[in-house]
Amino acid sequence: MPIQRRVPKRGFNSPDRTDYQEIKIADLAKIEGEVVNPDIIRSSGIVSGRRPIVILGDGEIDRALKVSVHRLTKSAGEKIVNAGGSVEILPLDPVDRRVKKGPEKKKKKRVDR
């Protein structure tokens with residue numbers, strides 16, 4: 001039997017990892033207004049779903065924005081601040097952190113006899 005079929009397919013993915021939706025700084029230029037938060041990003045159609053948002057440093061920004069996201073890279077933060085904007089890091093909700101966990105199971109009631 002080939003080795004790729006004998007090696008277990010589990011063990012290297014953390015079940016508690018946080019899966020982020022990535023957007024680039026260049027995508028922020030599509031948003032009108034000076035305030036950018038996850039609700040505005042989702043309503044503009046750049047991302048969809050409820051996962052937390054991370055901003056990557058690809059691209060340039062030419063206007064001052066007040067950005068509130070769950071995470072951003074160091075280069076993205078520097079570009080936003082150099083353009084005259086500000087950055088706020090939002091805390092992660094425990095529900096947003098779940099990745100592969102299904103709905104919580106209800107406990108069955110134990111009947112005493």
# chains A, B, ... in the order shown; residues from 1 in each chain; ligands from 1
call {"tool": "select_by_dssp", "arguments": {"residues": "region 32-74 of chain A", "states": "helix (DSSP H, G or I)", "output": "PyMOL selection string"}}
result
chain A and resi 38-43+74
call {"tool": "write_last_selection", "arguments": {"atoms": "N, CA and C atoms", "output": "mmCIF file, in the first residue's frame"}}
result
data_model
loop_
_atom_site.group_PDB
_atom_site.id
_atom_site.type_symbol
_atom_site.label_atom_id
_atom_site.label_comp_id
_atom_site.auth_asym_id
_atom_site.auth_seq_id
_atom_site.Cartn_x
_atom_site.Cartn_y
_atom_site.Cartn_z
ATOM 1 N N PRO A 38 -16.710 46.001 10.477
ATOM 2 C CA PRO A 38 -17.137 44.757 9.818
ATOM 3 C C PRO A 38 -18.528 44.833 9.190
ATOM 4 N N ASP A 39 -19.463 45.537 9.817
ATOM 5 C CA ASP A 39 -20.811 45.636 9.244
ATOM 6 C C ASP A 39 -20.797 46.393 7.913
ATOM 7 N N ILE A 40 -20.021 47.461 7.842
ATOM 8 C CA ILE A 40 -19.924 48.235 6.602
ATOM 9 C C ILE A 40 -19.215 47.436 5.514
ATOM 10 N N ILE A 41 -18.176 46.690 5.885
ATOM 11 C CA ILE A 41 -17.451 45.867 4.918
ATOM 12 C C ILE A 41 -18.368 44.793 4.344
ATOM 13 N N ARG A 42 -19.170 44.156 5.200
ATOM 14 C CA ARG A 42 -20.089 43.116 4.721
ATOM 15 C C ARG A 42 -21.198 43.709 3.855
ATOM 16 N N SER A 43 -21.719 44.872 4.244
ATOM 17 C CA SER A 43 -22.808 45.467 3.466
ATOM 18 C C SER A 43 -22.330 45.995 2.108
ATOM 19 N N LYS A 74 0.931 44.277 10.353
ATOM 20 C CA LYS A 74 1.704 45.443 10.767
ATOM 21 C C LYS A 74 1.816 46.460 9.637
#
call {"tool": "closest_atom_pairs", "arguments": {"of": "region 23-51 of chain A", "to": "region 61-73 of chain A", "cutoff": "7 Å", "atoms": "only C-alpha atoms", "output": "JSON lines"}}
result
{"residue": "A:Ile25", "atom": "CA", "partner": "A:Ile61", "partner_atom": "CA", "distance": 6.5}
{"residue": "A:Ala26", "atom": "CA", "partner": "A:Ile61", "partner_atom": "CA", "distance": 6.4}
{"residue": "A:Ala29", "atom": "CA", "partner": "A:Ile61", "partner_atom": "CA", "distance": 6.8}
{"residue": "A:Glu34", "atom": "CA", "partner": "A:Leu65", "partner_atom": "CA", "distance": 4.8}
{"residue": "A:Val35", "atom": "CA", "partner": "A:Lys66", "partner_atom": "CA", "distance": 4.8}
{"residue": "A:Val36", "atom": "CA", "partner": "A:Val67", "partner_atom": "CA", "distance": 4.8}
{"residue": "A:Asn37", "atom": "CA", "partner": "A:Ser68", "partner_atom": "CA", "distance": 4.8}
{"residue": "A:Pro38", "atom": "CA", "partner": "A:Val69", "partner_atom": "CA", "distance": 6.3}
call {"tool": "closest_residue", "arguments": {"among": "A:Arg17, A:Lys24, A:Arg50, A:Lys30", "to": "Ser75 (chain A)", "atoms": "only C-alpha atoms"}}
result
A:Lys24
call {"tool": "atom_distance", "arguments": {"atom1": "CA of Asp93 (chain A)", "atom2": "CA of Leu56 (chain A)"}}
result
21.0 Å
